[in-house]
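Trainee: Input file: start.txt. Contents: compact mmCIF, C-alpha atoms.
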```
# COMPACT_ATOMS: atom_id res chain seq x y z
CA MET A 27 18.84 -6.98 -22.82
CA LYS A 28 16.68 -4.26 -21.30
CA ARG A 29 13.36 -5.71 -20.17
CA TYR A 30 15.40 -8.72 -18.99
CA VAL A 31 13.65 -8.52 -15.63
CA PHE A 32 11.44 -5.46 -16.10
CA ALA A 33 8.10 -7.17 -16.72
CA PHE A 34 8.79 -9.55 -13.89
CA LEU A 35 9.70 -6.67 -11.60
CA VAL A 36 6.38 -4.96 -12.25
CA LEU A 37 4.50 -8.17 -11.45
CA MET A 38 6.45 -8.75 -8.24
CA MET A 39 6.03 -5.14 -7.09
CA LEU A 40 2.33 -5.79 -6.78
CA ALA A 41 2.87 -8.66 -4.39
CA GLY A 42 4.21 -6.53 -1.51
CA ASN A 43 6.05 -7.78 1.54
CA VAL A 44 4.98 -10.96 3.26
CA ALA A 45 6.16 -12.03 6.69
CA ALA A 46 8.63 -14.87 6.67
CA GLN A 47 10.45 -16.77 9.38
CA LYS A 48 13.90 -18.24 9.48
CA ASP A 49 15.24 -21.17 11.45
CA ILE A 50 18.39 -19.89 13.20
CA THR A 51 18.83 -22.78 15.64
CA SER A 52 22.23 -23.85 14.41
CA GLU A 53 23.52 -20.27 14.49
CA TYR A 54 22.85 -19.68 18.18
CA ILE A 55 22.17 -22.90 20.11
CA VAL A 56 24.94 -25.40 20.79
CA ASN A 57 23.89 -29.06 20.50
CA ALA A 58 20.23 -28.04 20.16
CA ALA A 59 18.99 -31.58 19.42
CA LEU A 60 21.00 -33.17 22.28
CA THR A 61 22.68 -35.50 19.82
CA ASN A 62 26.02 -34.81 21.49
CA GLY A 63 24.96 -35.61 25.02
CA THR A 64 24.48 -32.47 27.08
CA THR A 65 27.45 -30.63 25.58
CA GLY A 66 26.81 -26.89 25.64
CA TRP A 67 24.11 -27.16 28.32
CA THR A 68 24.15 -26.47 32.03
CA VAL A 69 22.41 -29.43 33.65
CA LYS A 70 20.80 -29.93 37.04
CA ASN A 71 19.18 -33.30 37.86
CA PHE A 72 18.57 -34.27 34.23
CA ASN A 73 20.25 -37.51 33.16
CA ASN A 74 22.10 -38.16 29.91
CA PRO A 75 20.09 -38.20 26.67
CA VAL A 76 18.48 -41.45 25.47
CA ARG A 77 17.48 -41.98 21.87
CA GLY A 78 13.93 -42.94 20.98
CA THR A 79 13.62 -46.34 19.29
CA ASN A 80 11.22 -45.26 16.56
CA THR A 81 11.91 -41.58 15.91
CA GLY A 82 15.61 -41.36 16.76
CA THR A 83 14.89 -38.29 18.89
CA TYR A 84 17.15 -37.67 21.88
CA ALA A 85 15.62 -36.73 25.23
CA VAL A 86 16.70 -36.19 28.83
CA GLU A 87 14.59 -36.87 31.92
CA ALA A 88 14.32 -35.66 35.50
CA TYR A 89 12.55 -37.85 38.05
CA ALA A 90 11.30 -36.86 41.51
CA GLY A 91 12.08 -40.22 43.11
CA TRP A 92 10.26 -43.54 43.57
CA SER A 93 10.22 -44.02 47.32
CA SER A 94 10.93 -40.47 48.43
CA LEU A 95 11.03 -36.96 47.02
CA SER A 96 14.74 -37.08 46.26
CA VAL A 97 14.73 -34.39 43.53
CA THR A 98 12.89 -31.10 44.01
CA SER A 99 14.34 -28.95 41.19
CA TYR A 100 15.88 -29.50 37.77
CA SER A 101 17.05 -27.50 34.78
CA LEU A 102 18.61 -27.78 31.34
CA THR A 103 19.76 -24.32 30.26
CA GLN A 104 22.09 -22.52 27.91
CA LYS A 105 23.04 -18.85 27.54
CA ILE A 106 22.88 -17.40 24.04
CA LYS A 107 23.52 -13.93 22.61
CA LEU A 108 20.99 -12.51 20.16
CA PRO A 109 20.59 -9.35 18.10
CA LYS A 110 17.63 -7.06 18.54
CA GLY A 111 14.36 -8.56 17.29
CA SER A 112 11.51 -10.99 17.86
CA TYR A 113 12.00 -14.74 18.28
CA ARG A 114 10.24 -18.03 18.92
CA LEU A 115 11.75 -20.84 20.99
CA THR A 116 10.14 -24.24 20.43
CA ASN A 117 10.69 -27.42 22.42
CA ASN A 118 9.11 -30.85 22.84
CA ALA A 119 8.64 -31.80 26.50
CA PHE A 120 6.01 -33.05 28.92
CA PHE A 121 5.47 -33.08 32.67
CA ARG A 122 3.76 -35.82 34.68
CA TYR A 123 2.47 -34.95 38.14
CA GLY A 124 2.95 -37.93 40.42
CA GLU A 125 2.57 -41.49 39.25
CA LYS A 126 -0.89 -41.04 37.72
CA TYR A 127 -1.61 -39.05 34.59
CA ASN A 128 -3.17 -35.69 35.24
CA THR A 129 -3.99 -33.60 32.18
CA ASN A 130 -4.75 -30.48 34.17
CA ALA A 131 -2.37 -27.82 32.79
CA SER A 132 -2.11 -26.21 36.21
CA LYS A 133 -0.38 -29.36 37.49
CA SER A 134 2.66 -28.74 35.27
CA GLN A 135 5.70 -27.70 37.25
CA ALA A 136 8.09 -27.48 34.28
CA TYR A 137 8.64 -24.41 32.16
CA LEU A 138 10.13 -23.60 28.79
CA LYS A 139 12.00 -20.35 29.29
CA ALA A 140 13.64 -17.69 27.15
CA GLY A 141 15.01 -14.85 29.21
CA THR A 142 12.22 -13.52 31.43
CA LYS A 143 9.50 -15.18 29.36
CA ARG A 144 8.33 -18.69 30.20
CA VAL A 145 5.43 -21.02 29.44
CA ALA A 146 4.27 -24.12 31.30
CA VAL A 147 5.24 -27.41 29.65
CA LYS A 148 2.27 -29.53 28.59
CA THR A 149 1.15 -32.23 30.97
CA GLN A 150 1.32 -35.86 29.97
CA GLY A 151 -2.06 -37.08 28.77
CA SER A 152 -3.21 -33.60 27.71
CA VAL A 153 -2.69 -34.28 24.02
CA THR A 154 -4.89 -36.37 21.76
CA ALA A 155 -3.33 -39.68 20.68
CA ASP A 156 -1.00 -39.66 23.69
CA THR A 157 0.83 -42.97 24.01
CA TYR A 158 1.35 -42.54 27.79
CA ALA A 159 5.01 -43.39 27.68
CA ASP A 160 6.47 -44.61 30.97
CA ASN A 161 10.18 -44.83 30.17
CA GLN A 162 12.75 -42.48 28.71
CA ALA A 163 13.09 -44.11 25.28
CA ASP A 164 9.31 -44.23 24.70
CA GLY A 165 9.06 -40.67 25.99
CA ALA A 166 11.70 -39.60 23.48
CA ASP A 167 9.61 -41.15 20.71
CA CYS A 168 6.56 -39.22 21.96
CA LEU A 169 8.56 -36.02 21.69
CA GLY A 170 9.91 -37.02 18.27
CA ASN A 171 6.34 -37.21 17.02
CA ASN A 172 5.81 -33.60 18.15
CA THR A 173 3.03 -34.77 20.45
CA TYR A 174 4.05 -32.32 23.16
CA ARG A 175 5.18 -29.12 21.50
CA ASN A 176 5.78 -26.06 23.66
CA VAL A 177 6.37 -22.54 22.36
CA VAL A 178 7.53 -19.28 23.90
CA GLU A 179 7.83 -16.06 21.90
CA PHE A 180 9.97 -13.20 23.12
CA ASP A 181 11.56 -9.90 22.10
CA ILE A 182 15.14 -8.68 22.37
CA ALA A 183 15.36 -4.91 22.81
CA ASN A 184 19.07 -4.42 22.12
CA ASP A 185 21.71 -6.05 19.96
CA ASN A 186 24.08 -8.57 21.55
CA THR A 187 21.78 -9.32 24.45
CA THR A 188 22.57 -12.49 26.40
CA ILE A 189 19.59 -14.53 27.63
CA GLU A 190 19.14 -17.96 29.15
CA ILE A 191 16.99 -20.53 27.38
CA GLY A 192 15.93 -24.04 28.33
CA ILE A 193 13.72 -26.07 30.66
CA THR A 194 13.47 -25.39 34.40
CA GLY A 195 11.09 -26.76 37.01
CA THR A 196 10.33 -28.22 40.42
CA PHE A 197 8.78 -31.36 41.97
CA ASP A 198 6.59 -31.45 45.06
CA LYS A 199 5.28 -34.99 44.64
CA MET A 200 7.09 -38.32 44.39
CA ARG A 201 7.18 -40.10 41.03
CA SER A 202 6.65 -36.89 39.10
CA TRP A 203 8.48 -36.87 35.81
CA CYS A 204 9.75 -34.32 33.28
CA ILE A 205 11.21 -35.31 29.96
CA THR A 206 12.47 -32.94 27.29
CA GLY A 207 13.92 -33.16 23.82
CA GLY A 208 15.70 -30.63 21.66
CA PHE A 209 15.08 -26.98 20.89
CA GLU A 210 14.42 -24.85 17.84
CA LEU A 211 14.96 -21.10 17.53
CA THR A 212 13.12 -19.09 14.90
CA ASP A 213 13.80 -15.51 13.86
CA LEU A 214 10.45 -13.78 13.49
CA ASN A 215 12.13 -10.65 12.12
CA ALA A 216 13.18 -12.42 8.96
CA LYS A 217 11.14 -10.78 6.26
CA ASP A 218 10.21 -11.74 2.79
CA ASP A 219 12.34 -8.80 1.63
CA ARG A 220 10.78 -8.73 -1.79
CA LYS A 221 11.09 -4.96 -1.96
CA GLY A 222 14.80 -5.06 -1.16
CA LEU A 223 15.47 -7.73 -3.77
CA LEU A 224 13.43 -5.84 -6.35
CA THR A 225 15.41 -2.69 -5.60
CA ALA A 226 18.63 -4.61 -6.23
CA LEU A 227 17.28 -5.92 -9.55
CA GLU A 228 16.19 -2.41 -10.51
CA ARG A 229 19.73 -1.25 -9.80
CA PHE A 230 20.90 -3.83 -12.30
CA GLU A 231 18.34 -2.66 -14.87
CA ASN A 232 19.24 0.99 -14.44
CA ASP A 233 23.02 0.74 -14.16
CA TYR A 234 24.14 -2.27 -16.18
CA ASN A 235 21.59 -3.01 -18.89
CA LEU A 236 21.52 -1.43 -22.34
CA ALA A 237 18.30 -1.16 -24.33
CA ASP A 238 20.01 -1.90 -27.66
CA GLY A 239 21.26 -5.26 -26.46
CA THR A 240 24.93 -4.24 -26.62
CA ASP A 241 27.27 -6.59 -24.81
CA TYR A 242 27.67 -4.11 -21.98
CA GLY A 243 30.16 -6.17 -20.06
CA ARG A 244 32.80 -6.39 -22.76
CA LEU A 245 32.65 -2.63 -23.24
CA THR A 246 32.93 -1.57 -19.63
CA MET A 247 34.14 -4.33 -17.30
CA SER A 248 35.89 -7.68 -17.23
CA ALA A 249 34.02 -10.59 -18.79
CA GLU A 250 34.29 -12.36 -15.44
CA ALA A 251 32.49 -9.55 -13.60
CA TRP A 252 29.75 -9.40 -16.23
CA SER A 253 29.22 -13.16 -16.23
CA SER A 254 29.07 -13.29 -12.42
CA LEU A 255 26.57 -10.44 -12.35
CA ILE A 256 24.27 -12.12 -14.88
CA LYS A 257 24.36 -15.37 -12.86
CA LYS A 258 23.39 -13.52 -9.68
CA VAL A 259 20.55 -11.73 -11.52
CA ASN A 260 19.24 -15.05 -12.85
CA VAL A 261 19.24 -16.63 -9.38
CA ALA A 262 17.52 -13.61 -7.83
CA SER A 263 14.85 -13.48 -10.55
CA LEU A 264 14.06 -17.19 -10.31
CA ALA A 265 13.82 -16.97 -6.52
CA LEU A 266 11.23 -14.19 -6.79
CA ASP A 267 9.14 -16.53 -8.87
CA ASP A 268 9.16 -19.15 -6.10
CA ASN A 269 7.38 -18.08 -2.92
CA THR A 270 8.83 -21.02 -0.99
CA ARG A 271 12.20 -19.27 -1.19
CA ALA A 272 10.95 -16.10 0.50
CA GLU A 273 13.35 -16.47 3.43
CA GLU A 274 16.23 -16.27 0.95
CA TYR A 275 15.27 -12.84 -0.38
CA SER A 276 17.36 -10.85 2.10
CA ASP A 277 20.45 -12.98 1.47
CA LEU A 278 19.92 -12.82 -2.30
CA ARG A 279 19.54 -9.05 -2.07
CA ASP A 280 22.82 -8.76 -0.19
CA THR A 281 24.59 -11.14 -2.56
CA LEU A 282 23.38 -9.28 -5.64
CA ASN A 283 24.30 -5.87 -4.23
CA ALA A 284 27.74 -7.19 -3.26
CA GLN A 285 28.23 -8.45 -6.82
CA MET A 286 27.19 -5.07 -8.23
CA ASP A 287 29.67 -3.38 -5.88
CA ALA A 288 32.35 -5.72 -7.20
CA THR A 289 31.18 -4.95 -10.73
CA ASP A 290 31.52 -1.22 -10.05
CA ALA A 291 35.11 -1.87 -8.99
CA SER A 292 35.66 -3.83 -12.20
CA ILE A 293 34.32 -0.89 -14.22
CA VAL A 294 36.78 1.44 -12.50
CA LEU A 295 39.57 -1.01 -13.33
CA PHE A 296 38.40 -1.30 -16.93
CA ASN A 297 38.37 2.49 -17.30
CA GLU A 298 41.91 2.60 -15.94
CA TYR A 299 42.87 -0.05 -18.48
CA LYS A 300 41.36 1.96 -21.35
CA THR A 301 43.09 5.14 -20.14
CA VAL A 302 46.46 3.38 -20.14
CA VAL A 303 45.80 1.96 -23.62
CA ASP A 304 44.95 5.44 -24.89
CA HIS A 305 48.09 6.86 -23.28
CA VAL A 306 50.31 4.25 -24.90
CA ARG A 307 48.59 4.74 -28.25
CA THR A 308 49.30 8.48 -28.03
CA LEU A 309 52.90 7.69 -27.20
CA VAL A 310 53.63 5.16 -29.95
CA GLY A 311 51.08 6.05 -32.62
CA THR A 312 48.41 3.89 -34.23
CA SER A 313 50.71 1.93 -36.49
CA VAL A 314 52.76 0.32 -33.73
CA SER A 315 51.65 -2.99 -32.17
CA ILE A 316 51.31 -2.70 -28.42
CA PRO A 317 51.00 -5.64 -25.94
CA VAL A 318 47.19 -5.67 -25.67
CA TYR A 319 45.13 -8.78 -26.41
CA PRO A 320 41.40 -9.66 -26.21
CA SER A 321 42.08 -11.94 -23.24
CA ASP A 322 43.18 -8.89 -21.27
CA THR A 323 39.53 -8.24 -20.40
CA ASP A 324 38.62 -11.78 -19.29
CA THR A 325 39.14 -11.22 -15.56
CA ASP A 326 39.93 -8.38 -13.20
CA ALA A 327 43.27 -10.05 -12.53
CA SER A 328 44.14 -10.06 -16.25
CA LEU A 329 43.05 -6.42 -16.51
CA ARG A 330 45.40 -5.48 -13.69
CA GLU A 331 48.20 -7.50 -15.31
CA ALA A 332 47.59 -5.75 -18.64
CA ILE A 333 47.65 -2.33 -16.96
CA ASN A 334 50.98 -3.15 -15.32
CA ARG A 335 52.37 -4.51 -18.58
CA LEU A 336 51.30 -1.42 -20.52
CA ASN A 337 52.69 0.95 -17.91
CA LYS A 338 56.00 -0.88 -18.03
CA TYR A 339 55.91 -0.73 -21.81
CA ALA A 340 55.33 3.02 -21.66
CA GLU A 341 58.17 3.44 -19.17
CA ASN A 342 60.59 1.60 -21.45
CA TYR A 343 59.29 3.01 -24.70
CA ARG A 344 61.62 6.02 -24.97
CA GLY A 345 64.66 3.86 -24.40
CA ASP A 346 63.51 1.11 -26.78
CA VAL A 347 64.87 2.92 -29.80
CA ASN A 348 64.84 -0.04 -32.18
CA GLY A 349 61.39 -1.21 -31.09
CA ASP A 350 62.25 -4.79 -30.18
CA GLY A 351 60.48 -4.59 -26.82
CA VAL A 352 63.56 -4.36 -24.62
CA VAL A 353 66.01 -1.64 -23.67
CA ASP A 354 69.54 -2.95 -24.21
CA VAL A 355 72.83 -2.34 -25.98
CA ALA A 356 71.09 -2.76 -29.35
CA ASP A 357 69.30 0.52 -28.69
CA ILE A 358 72.62 2.21 -27.95
CA ALA A 359 73.93 0.85 -31.26
CA THR A 360 70.90 2.30 -33.05
CA ILE A 361 71.53 5.74 -31.50
CA ILE A 362 75.17 5.58 -32.57
CA ASP A 363 74.02 4.57 -36.03
CA ILE A 364 71.73 7.60 -36.24
CA MET A 365 74.44 9.91 -34.85
CA ALA A 366 76.69 8.64 -37.64
CA GLY A 367 74.05 9.59 -40.17
CA ASN A 368 73.12 6.05 -41.16
CA GLY A 369 69.37 6.58 -41.23
CA GLN A 370 66.34 6.02 -39.05
CA SER A 371 65.73 3.42 -36.41
CA SER A 372 63.94 0.24 -37.41
CA MET A 373 60.97 1.47 -35.38
CA GLY A 374 60.00 3.81 -38.14
CA SER A 375 60.01 6.98 -36.11
CA GLY A 376 63.64 7.80 -36.62
CA GLN A 377 65.31 10.43 -34.55
CA GLN A 378 62.15 11.04 -32.50
CA HIS A 379 62.87 7.76 -30.66
CA ALA A 380 66.62 8.14 -30.70
CA ASP A 381 66.16 11.45 -28.90
CA VAL A 382 65.60 9.56 -25.66
CA ASN A 383 65.98 12.53 -23.32
CA GLY A 384 63.76 14.73 -25.49
CA ASP A 385 66.19 17.64 -25.81
CA GLY A 386 65.84 17.90 -29.59
CA THR A 387 69.14 16.28 -30.54
CA VAL A 388 70.49 12.76 -30.79
CA ASP A 389 73.80 12.62 -29.02
CA VAL A 390 75.77 10.94 -26.25
CA ALA A 391 73.29 12.29 -23.69
CA ASP A 392 70.69 9.93 -25.18
CA ILE A 393 73.12 7.05 -24.90
CA ALA A 394 73.60 7.96 -21.24
CA MET A 395 69.84 7.99 -20.75
CA VAL A 396 69.51 4.49 -22.26
CA ILE A 397 72.24 3.24 -19.95
CA SER A 398 70.34 4.73 -17.00
CA ILE A 399 67.12 3.05 -18.10
CA MET A 400 68.96 -0.26 -18.44
CA ALA A 401 70.29 0.23 -14.91
CA GLY A 402 66.75 0.75 -13.60
CA GLU A 403 67.29 4.39 -12.67
CA PHE A 404 64.25 5.55 -14.65
```
Can you give me the file's structure in the form of structure tokens?
Mentor:
Amino acid sequence: MKRYVFAFLVLMMLAGNVAAQKDITSEYIVNAALTNGTTGWTVKNFNNPVRGTNTGTYAVEAYAGWSSLSVTSYSLTQKIKLPKGSYRLTNNAFFRYGEKYNTNASKSQAYLKAGTKRVAVKTQGSVTADTYADNQADGADCLGNNTYRNVVEFDIANDNTTIEIGITGTFDKMRSWCITGGFELTDLNAKDDRKGLLTALERFENDYNLADGTDYGRLTMSAEAWSSLIKKVNVASLALDDNTRAEEYSDLRDTLNAQMDATDASIVLFNEYKTVVDHVRTLVGTSVSIPVYPSDTDTDASLREAINRLNKYAENYRGDVNGDGVVDVADIATIIDIMAGNGQSSMGSGQQHADVNGDGTVDVADIAMVISIMAGEF
């Protein structure tokens, strides 16, 4: 099975690392699309969300006032906690200055903010194919078509840093209007961790694969651990062959390494199992059937059960004089039989097994030992 991934690894090594990005909106922003009203947001002078007729996008609006400047400031914000790194916050929103359309970017009084970074929201009419919406539902559809997309990129210097994100702004003219839809957060640190995934696959090649094609798993670990490992290797290898899955590389790397860690634990368990088998074999000899079956290596749980069963068997072995698998009065009868000179035990090892306490003689002391074993004292 060697060369299982080797040629592919060599090919992928040449590709290097490529930057990738990961959408982490749902991990950090509550109700990012405003589908649940304004839950999770701190709101000032924005109304409740309205759904666009055509796109289904939800949007909130702030209005300066029709006959007087009744609203001078507004905000829709939320505090989020982020790890160290680089990020992009994206939002669809537009600002209209007064009743007439003015595409001059300097007329925008609304800002998309992320911490201390902010960018001016695009002005209505500044984008080609603008539909010049004049109500909240039509405006929501405009935003749903990504006509007014605003972006702010920012860095977080320390882990677990809390920042405020959202839309804030002011009005200084009647009939000015700001309308905003949902938000998206992108992790710009997410890398196409091709190298990390390749390193994990190389670990598999070096530690778990045999050049002669031997069924490595059945010799060294539970069948379950081996099967799970092969499945993880297959998924990782196929993903490397599909560049569209680049953002999965880090997760696949972690998953594969975790499986190999679990496999290492299974190998330790399997070695313990083999040690116990060897111990029992030394104790009873090669001709005696011991409670070990092929299914004992199917899962780690069955390995542990087999180890416990074998240890218990070894504990009871000296008292099981007649070899029927239990320590009971029949074993006492066998000892008495041997003391009376009536031959060997049915186990085939004769006085060696009747000499339960190992003092070189078969006598009442051995009967006492059997009684103690039966009572759970040994």
Trainee: Looking at A:Asn62, A:Thr196, A:Thr387, A:Ser112, which one is nearest to A:Arg77, with distances taken over all atoms listed in the file?
Mentor: A:Asn62
Trainee: As an exercise, work out the distance from atom CA of A:Thr81 to atom CA of A:Asp167 in Å and give it to one decimal place.
Mentor: 5.3 Å
Trainee: Counting only C-alpha atoms, which residue out of A:Tyr113, A:Tyr137, A:Tyr89, A:Tyr234 sits closest to A:Thr289?
Mentor: A:Tyr234
Trainee: Could you tell me how far atom CA of A:Asn118 sits from atom CA of A:Thr149, in Å to one decimal place?
Mentor: 11.5 Å
Trainee: Select, from A:Asn73, A:Asn383, A:Thr212, A:Ser248, the residue with the minimum atom-to-atom distance to A:Arg330, counting only C-alpha atoms.
Mentor: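 Of the candidates, the smallest distance to A:Arg330 is held by A:Ser248.
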Trainee: Tell me, in Å to one decimal, how far atom CA of A:Ser254 is from atom CA of A:Ala284.
Mentor: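 One can read the atom CA of A:Ser254 to atom CA of A:Ala284 distance as 11.1 Å.
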Trainee: Nearest to A:Val69 among A:Val294, A:Ala391, A:Val259, A:Ile193, with distances taken over only C-alpha atoms: which residue is it?
Mentor: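 Ranking A:Val294, A:Ala391, A:Val259, A:Ile193 by distance to A:Val69, first place goes to A:Ile193.
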Trainee: So which one's closest to A:Arg335, A:Val306, A:Met247, A:Ile256, A:Ala136? Using only C-alpha atoms, please.
Mentor: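 Ranking A:Val306, A:Met247, A:Ile256, A:Ala136 by distance to A:Arg335, first place goes to A:Val306.
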Trainee: Between A:Val353, A:Ala90, A:Leu329, A:Ile191, which one has atoms that come closest to A:Phe209, using only C-alpha atoms?
Mentor: A:Ile191
Trainee: Hey, can you pull every residue with an atom no more than 9 Å from (10.3, -40.4, 25.1), using all atoms listed in the file, and send it as a PyMOL selection string?
Mentor: chain A and resi 76-79+83-87+119+159-170+205-207
Trainee: Okay, now the selection with C-alpha atoms, as a PDB file, in the coordinates of the input?
Mentor:
```pdb
ATOM      1  CA  VAL A  76      18.480 -41.450  25.470  1.00  0.00           C
ATOM      2  CA  ARG A  77      17.480 -41.980  21.870  1.00  0.00           C
ATOM      3  CA  GLY A  78      13.930 -42.940  20.980  1.00  0.00           C
ATOM      4  CA  THR A  79      13.620 -46.340  19.290  1.00  0.00           C
ATOM      5  CA  THR A  83      14.890 -38.290  18.890  1.00  0.00           C
ATOM      6  CA  TYR A  84      17.150 -37.670  21.880  1.00  0.00           C
ATOM      7  CA  ALA A  85      15.620 -36.730  25.230  1.00  0.00           C
ATOM      8  CA  VAL A  86      16.700 -36.190  28.830  1.00  0.00           C
ATOM      9  CA  GLU A  87      14.590 -36.870  31.920  1.00  0.00           C
ATOM     10  CA  ALA A 119       8.640 -31.800  26.500  1.00  0.00           C
ATOM     11  CA  ALA A 159       5.010 -43.390  27.680  1.00  0.00           C
ATOM     12  CA  ASP A 160       6.470 -44.610  30.970  1.00  0.00           C
ATOM     13  CA  ASN A 161      10.180 -44.830  30.170  1.00  0.00           C
ATOM     14  CA  GLN A 162      12.750 -42.480  28.710  1.00  0.00           C
ATOM     15  CA  ALA A 163      13.090 -44.110  25.280  1.00  0.00           C
ATOM     16  CA  ASP A 164       9.310 -44.230  24.700  1.00  0.00           C
ATOM     17  CA  GLY A 165       9.060 -40.670  25.990  1.00  0.00           C
ATOM     18  CA  ALA A 166      11.700 -39.600  23.480  1.00  0.00           C
ATOM     19  CA  ASP A 167       9.610 -41.150  20.710  1.00  0.00           C
ATOM     20  CA  CYS A 168       6.560 -39.220  21.960  1.00  0.00           C
ATOM     21  CA  LEU A 169       8.560 -36.020  21.690  1.00  0.00           C
ATOM     22  CA  GLY A 170       9.910 -37.020  18.270  1.00  0.00           C
ATOM     23  CA  ILE A 205      11.210 -35.310  29.960  1.00  0.00           C
ATOM     24  CA  THR A 206      12.470 -32.940  27.290  1.00  0.00           C
ATOM     25  CA  GLY A 207      13.920 -33.160  23.820  1.00  0.00           C
TER      26      GLY A 207
END
```
Trainee: Might you pull out every residue within 9 Å of A:Val388, with only C-alpha atoms counted and same-chain residues fewer than 2 positions away left off, and present them as a list of chain:residue names?
Mentor: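 Residues near the query, excluding close chain neighbours: A:Ile361, A:Ile362, A:Ile364, A:Met365, A:Gln377, A:Gln378, A:Ala380, A:Asp381, A:Val382, A:Asn383, A:Gly384, A:Asp385, A:Gly386, A:Val390, A:Ala391, A:Asp392, A:Ile393.
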Trainee: Quick one: residues within 10 Å of (39.8, 1.2, -20.7) (file frame), counting only C-alpha atoms, please, as a ChimeraX atom specification.
Mentor: /A:245-247,293-304,323,329,333
